[in-house]
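Next comes input.txt, with compact mmCIF, C-alpha atoms.
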```
# COMPACT_ATOMS: atom_id res chain seq x y z
CA MET A 1 -63.80 -52.30 28.83
CA GLU A 2 -66.50 -49.76 28.13
CA LYS A 3 -65.76 -46.50 26.35
CA SER A 4 -67.48 -43.16 26.84
CA SER A 5 -69.23 -41.62 23.84
CA SER A 6 -66.76 -38.69 23.84
CA SER A 7 -63.87 -41.17 23.65
CA LEU A 8 -65.53 -42.98 20.73
CA GLU A 9 -66.09 -39.67 18.92
CA CYS A 10 -62.43 -38.76 19.41
CA VAL A 11 -61.38 -42.08 17.89
CA LYS A 12 -63.71 -41.68 14.91
CA ARG A 13 -62.50 -38.12 14.28
CA GLN A 14 -58.75 -38.70 14.71
CA HIS A 15 -58.45 -42.03 12.93
CA LYS A 16 -60.42 -41.15 9.80
CA HIS A 17 -58.09 -41.08 6.81
CA ASP A 18 -59.44 -40.30 3.35
CA ALA A 19 -57.33 -42.66 1.24
CA ALA A 20 -57.08 -41.89 -2.47
CA ALA A 21 -57.37 -44.68 -5.07
CA HIS A 22 -53.56 -45.20 -5.04
CA GLN A 23 -53.33 -45.37 -1.23
CA CYS A 24 -54.15 -47.75 1.59
CA SER A 25 -55.22 -47.02 5.12
CA SER A 26 -55.62 -49.13 8.24
CA SER A 27 -55.24 -49.11 12.01
CA VAL A 28 -53.72 -51.23 14.75
CA THR A 29 -54.74 -51.41 18.42
CA LYS A 30 -52.83 -52.55 21.48
CA HIS A 31 -53.95 -53.01 25.09
CA ILE A 32 -51.15 -52.20 27.52
CA LYS A 33 -51.10 -53.08 31.21
CA ALA A 34 -49.71 -49.72 32.30
CA PRO A 35 -51.33 -46.37 33.19
CA VAL A 36 -52.15 -43.98 30.36
CA ASP A 37 -49.85 -41.22 31.68
CA LEU A 38 -46.86 -43.56 31.64
CA VAL A 39 -47.62 -44.82 28.10
CA TRP A 40 -48.24 -41.27 26.87
CA SER A 41 -44.91 -40.12 28.36
CA LEU A 42 -43.19 -42.46 25.88
CA VAL A 43 -45.47 -41.92 22.86
CA ARG A 44 -45.36 -38.11 23.01
CA ARG A 45 -41.55 -38.00 22.77
CA PHE A 46 -41.31 -37.10 19.08
CA ASP A 47 -37.65 -36.37 19.80
CA GLN A 48 -36.92 -39.83 21.26
CA PRO A 49 -38.80 -42.54 19.33
CA GLN A 50 -35.93 -44.96 20.01
CA LYS A 51 -37.17 -45.21 23.63
CA TYR A 52 -39.66 -47.80 22.38
CA LYS A 53 -39.36 -48.15 18.59
CA PRO A 54 -36.93 -51.04 18.03
CA PHE A 55 -36.00 -50.08 14.45
CA VAL A 56 -34.81 -46.57 15.36
CA SER A 57 -31.12 -46.25 16.20
CA ARG A 58 -30.86 -42.46 16.36
CA CYS A 59 -33.09 -39.39 16.17
CA VAL A 60 -32.20 -35.71 15.80
CA VAL A 61 -34.85 -32.98 15.96
CA GLN A 62 -34.20 -29.68 14.24
CA GLY A 63 -35.22 -26.73 16.46
CA ASP A 64 -37.71 -26.70 19.31
CA LEU A 65 -40.15 -29.54 19.86
CA MET A 66 -43.46 -28.18 18.54
CA ILE A 67 -45.97 -28.68 15.73
CA GLY A 68 -44.02 -28.45 12.47
CA SER A 69 -40.78 -29.75 14.02
CA VAL A 70 -38.81 -32.11 11.79
CA ARG A 71 -36.82 -35.11 12.93
CA GLU A 72 -34.18 -37.12 11.12
CA VAL A 73 -34.45 -40.78 12.10
CA ASN A 74 -31.73 -43.36 11.44
CA VAL A 75 -33.08 -46.86 10.94
CA LYS A 76 -31.24 -49.97 12.14
CA SER A 77 -29.79 -52.20 9.45
CA GLY A 78 -31.89 -55.06 8.16
CA LEU A 79 -34.81 -52.92 6.99
CA PRO A 80 -35.20 -51.64 3.43
CA ALA A 81 -34.22 -48.10 4.56
CA THR A 82 -31.50 -46.24 6.45
CA LYS A 83 -33.15 -42.90 7.22
CA SER A 84 -36.49 -41.14 7.42
CA THR A 85 -37.39 -37.46 7.69
CA GLU A 86 -40.60 -36.88 9.64
CA ARG A 87 -42.65 -33.84 10.64
CA LEU A 88 -44.71 -33.46 13.82
CA GLU A 89 -48.24 -32.69 12.62
CA LEU A 90 -50.21 -32.94 15.86
CA LEU A 91 -49.35 -33.09 19.55
CA ASP A 92 -52.15 -32.79 22.10
CA ASP A 93 -51.12 -33.63 25.66
CA THR A 94 -54.68 -33.23 26.95
CA LYS A 95 -56.32 -35.61 24.46
CA HIS A 96 -53.19 -37.80 24.08
CA ILE A 97 -52.91 -37.48 20.28
CA LEU A 98 -49.72 -37.54 18.21
CA GLY A 99 -49.67 -37.10 14.43
CA VAL A 100 -46.61 -37.62 12.22
CA LYS A 101 -46.03 -37.27 8.47
CA ILE A 102 -43.05 -38.70 6.62
CA VAL A 103 -41.60 -35.98 4.38
CA GLY A 104 -38.47 -37.72 3.09
CA GLY A 105 -36.08 -40.63 3.38
CA ASP A 106 -34.72 -43.58 1.45
CA HIS A 107 -37.76 -45.87 1.81
CA ARG A 108 -40.94 -46.65 -0.08
CA LEU A 109 -43.39 -45.07 2.37
CA LYS A 110 -44.46 -42.08 0.27
CA ASN A 111 -47.15 -39.71 1.57
CA TYR A 112 -47.24 -41.65 4.84
CA SER A 113 -49.17 -40.03 7.64
CA SER A 114 -50.11 -41.58 10.98
CA VAL A 115 -52.07 -40.71 14.09
CA ILE A 116 -51.60 -42.41 17.44
CA THR A 117 -54.05 -41.94 20.31
CA VAL A 118 -53.75 -43.19 23.87
CA HIS A 119 -56.85 -43.95 25.97
CA PRO A 120 -57.26 -44.99 29.62
CA GLU A 121 -58.96 -48.30 30.31
CA VAL A 122 -59.10 -50.90 33.05
CA ILE A 123 -57.32 -54.21 32.44
CA ASP A 124 -57.63 -56.96 35.05
CA GLY A 125 -58.82 -54.43 37.63
CA ARG A 126 -55.80 -52.13 37.14
CA ALA A 127 -55.11 -48.95 35.20
CA GLY A 128 -54.36 -49.82 31.61
CA THR A 129 -54.12 -48.15 28.24
CA LEU A 130 -55.63 -48.67 24.81
CA VAL A 131 -53.32 -47.43 22.05
CA ILE A 132 -54.67 -46.94 18.54
CA GLU A 133 -52.42 -46.11 15.60
CA SER A 134 -53.85 -45.47 12.15
CA PHE A 135 -52.15 -44.53 8.90
CA VAL A 136 -52.55 -43.71 5.24
CA VAL A 137 -49.78 -44.25 2.66
CA ASP A 138 -49.25 -44.48 -1.10
CA VAL A 139 -49.13 -48.00 -2.52
CA PRO A 140 -45.70 -48.36 -4.16
CA GLU A 141 -45.57 -49.38 -7.80
CA GLY A 142 -45.44 -53.17 -8.03
CA ASN A 143 -47.29 -53.69 -4.74
CA THR A 144 -50.95 -54.20 -3.93
CA LYS A 145 -52.94 -52.32 -1.28
CA GLU A 146 -53.09 -55.53 0.76
CA GLU A 147 -49.31 -56.03 0.64
CA THR A 148 -48.63 -52.41 1.58
CA CYS A 149 -51.10 -52.41 4.49
CA TYR A 150 -49.73 -55.76 5.70
CA PHE A 151 -46.16 -54.41 5.73
CA VAL A 152 -47.07 -51.17 7.55
CA ARG A 153 -49.30 -52.96 10.08
CA ALA A 154 -46.42 -55.37 10.80
CA LEU A 155 -44.08 -52.44 11.55
CA ILE A 156 -46.67 -50.75 13.77
CA ASN A 157 -47.43 -54.02 15.58
CA CYS A 158 -43.72 -54.41 16.30
CA ASN A 159 -43.50 -50.84 17.63
CA LEU A 160 -46.62 -51.24 19.79
CA LYS A 161 -45.43 -54.59 21.16
CA SER A 162 -42.20 -52.89 22.19
CA LEU A 163 -44.15 -49.94 23.64
CA ALA A 164 -46.16 -52.40 25.74
CA GLU A 165 -43.02 -54.18 26.98
CA VAL A 166 -41.25 -50.93 27.93
CA SER A 167 -44.37 -49.43 29.54
CA GLU A 168 -45.26 -52.56 31.49
CA ARG A 169 -41.67 -52.93 32.73
CA MET A 170 -41.68 -49.28 33.87
CA ALA A 171 -45.09 -49.75 35.55
CA MET A 172 -43.79 -52.77 37.47
CA LEU A 173 -40.77 -50.79 38.67
CA ASN A 174 -42.98 -47.89 39.79
CA ARG A 175 -45.65 -50.04 41.46
CA PRO A 176 -45.56 -50.02 45.27
CA GLN A 177 -44.52 -53.40 46.66
CA VAL A 178 -47.17 -55.18 48.72
```
Conversion result in structure tokens:
Amino acid sequence: MEKSSSSLECVKRQHKHDAAAHQCSSSVTKHIKAPVDLVWSLVRRFDQPQKYKPFVSRCVVQGDLMIGSVREVNVKSGLPATKSTERLELLDDTKHILGVKIVGGDHRLKNYSSVITVHPEVIDGRAGTLVIESFVVDVPEGNTKEETCYFVRALINCNLKSLAEVSERMAMLNRPQV
């Protein structure tokens, strides 16, 4: 799975977060056995994160879907939150980049900002996708950087696992039968 130099530069540029002393930053990657256009069609839906994010029960976007749009997300019970208010910071359909910042909610993820990029690759001789999600967030009082990063990476891993399952299921349904 070789990457072009322009792809590597895009990754370096988009996933560089300057974390302050009271913040942590990390990234998570996921290889998905589905074409990049199919995966991107799910990721880019700022207005419908529940299509693949298992902790989201409902999402309402205020106004048109564009940079600066705000969504109110209801979180399923069992997590230490019930709602999150998030702003669309970046949406590039050509480069497959989505950026989101949490601007409110009843959770401990203060000053949380994330970028997700979607890249074509070949997996087992078929069209596949490499998804990279990176973030920066304040470390809550009483927690360490390691604990905070572990918690956020676990949430992202869960979301990306679900994204892979949904995408791969859709790819199988769309694949011509031999």
Rank A:Arg126, A:His22, A:Lys53, A:Lys83 by their smallest atom-to-atom distance to A:Glu146, using all atoms listed in the file, and report the top residue only.
A:His22
Quick one, how far is atom CA of A:Asp106 from atom CA of A:Asn143?
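These atoms are spaced 17.3 Å apart.
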Neighbouring residues of A:Gln23 were defined as those with any atom within 10 Å, considering all atoms listed in the file; residues of the same chain fewer than 4 positions away were excluded. Please report them as a list in words.
Asp18, Ala19, Lys110, Asn111, Tyr112, Val136, Val137, Asp138, Val139, Pro140, Thr144, Lys145, Thr148 and Cys149 of chain A
Work out how far atom CA of A:Ser26 is from atom CA of A:Leu42, in Å to one decimal.
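Computing the Euclidean distance for atom CA of A:Leu42 and atom CA of A:Ser26 yields 22.6 Å.
For the pair atom CA of A:Arg58 and atom CA of A:Ser84, the interatomic distance is 10.6 Å.
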Just the residues within 12 Å of A:Gly63, please, counting only C-alpha atoms, with nothing from its chain fewer than 6 positions along; format it as a list in words.
Asp47, Ser69, Val70, Arg71, Glu72, Arg87 and Leu88 of chain A
Using only C-alpha atoms, please write the residues we just selected to a file, as a PDB file, in the frame of the given file.
```
ATOM      1  CA  ASP A  47     -37.650 -36.370  19.800  1.00  0.00           C
ATOM      2  CA  SER A  69     -40.780 -29.750  14.020  1.00  0.00           C
ATOM      3  CA  VAL A  70     -38.810 -32.110  11.790  1.00  0.00           C
ATOM      4  CA  ARG A  71     -36.820 -35.110  12.930  1.00  0.00           C
ATOM      5  CA  GLU A  72     -34.180 -37.120  11.120  1.00  0.00           C
ATOM      6  CA  ARG A  87     -42.650 -33.840  10.640  1.00  0.00           C
ATOM      7  CA  LEU A  88     -44.710 -33.460  13.820  1.00  0.00           C
TER       8      LEU A  88
END
```
Enclose the full set of atoms of stretch 90-109 of chain A listed in the file within a box whose edges lie along x, y and z, apply 6 Å of padding to each of the six sides, and report centre and edge lengths in Å to one decimal as JSON.
```
{"center_x": -45.5, "center_y": -39.7, "center_z": 13.4, "size_x": 33.6, "size_y": 25.9, "size_z": 39.0}
```
For A:Ala81, please output as a ChimeraX atom specification all residues within 10 Å (counting all atoms listed in the file; exclusion window: fewer than 2 positions along the same chain).
/A:74-79,83-84,105-109
List the spatial neighbours of A:Ala127 as a list in words - criterion: any atom at most 9 Å away, only C-alpha atoms, same-chain residues fewer than 5 positions off excluded.
Lys33, Ala34, Pro35, Val36, Pro120, Glu121 and Val122 of chain A
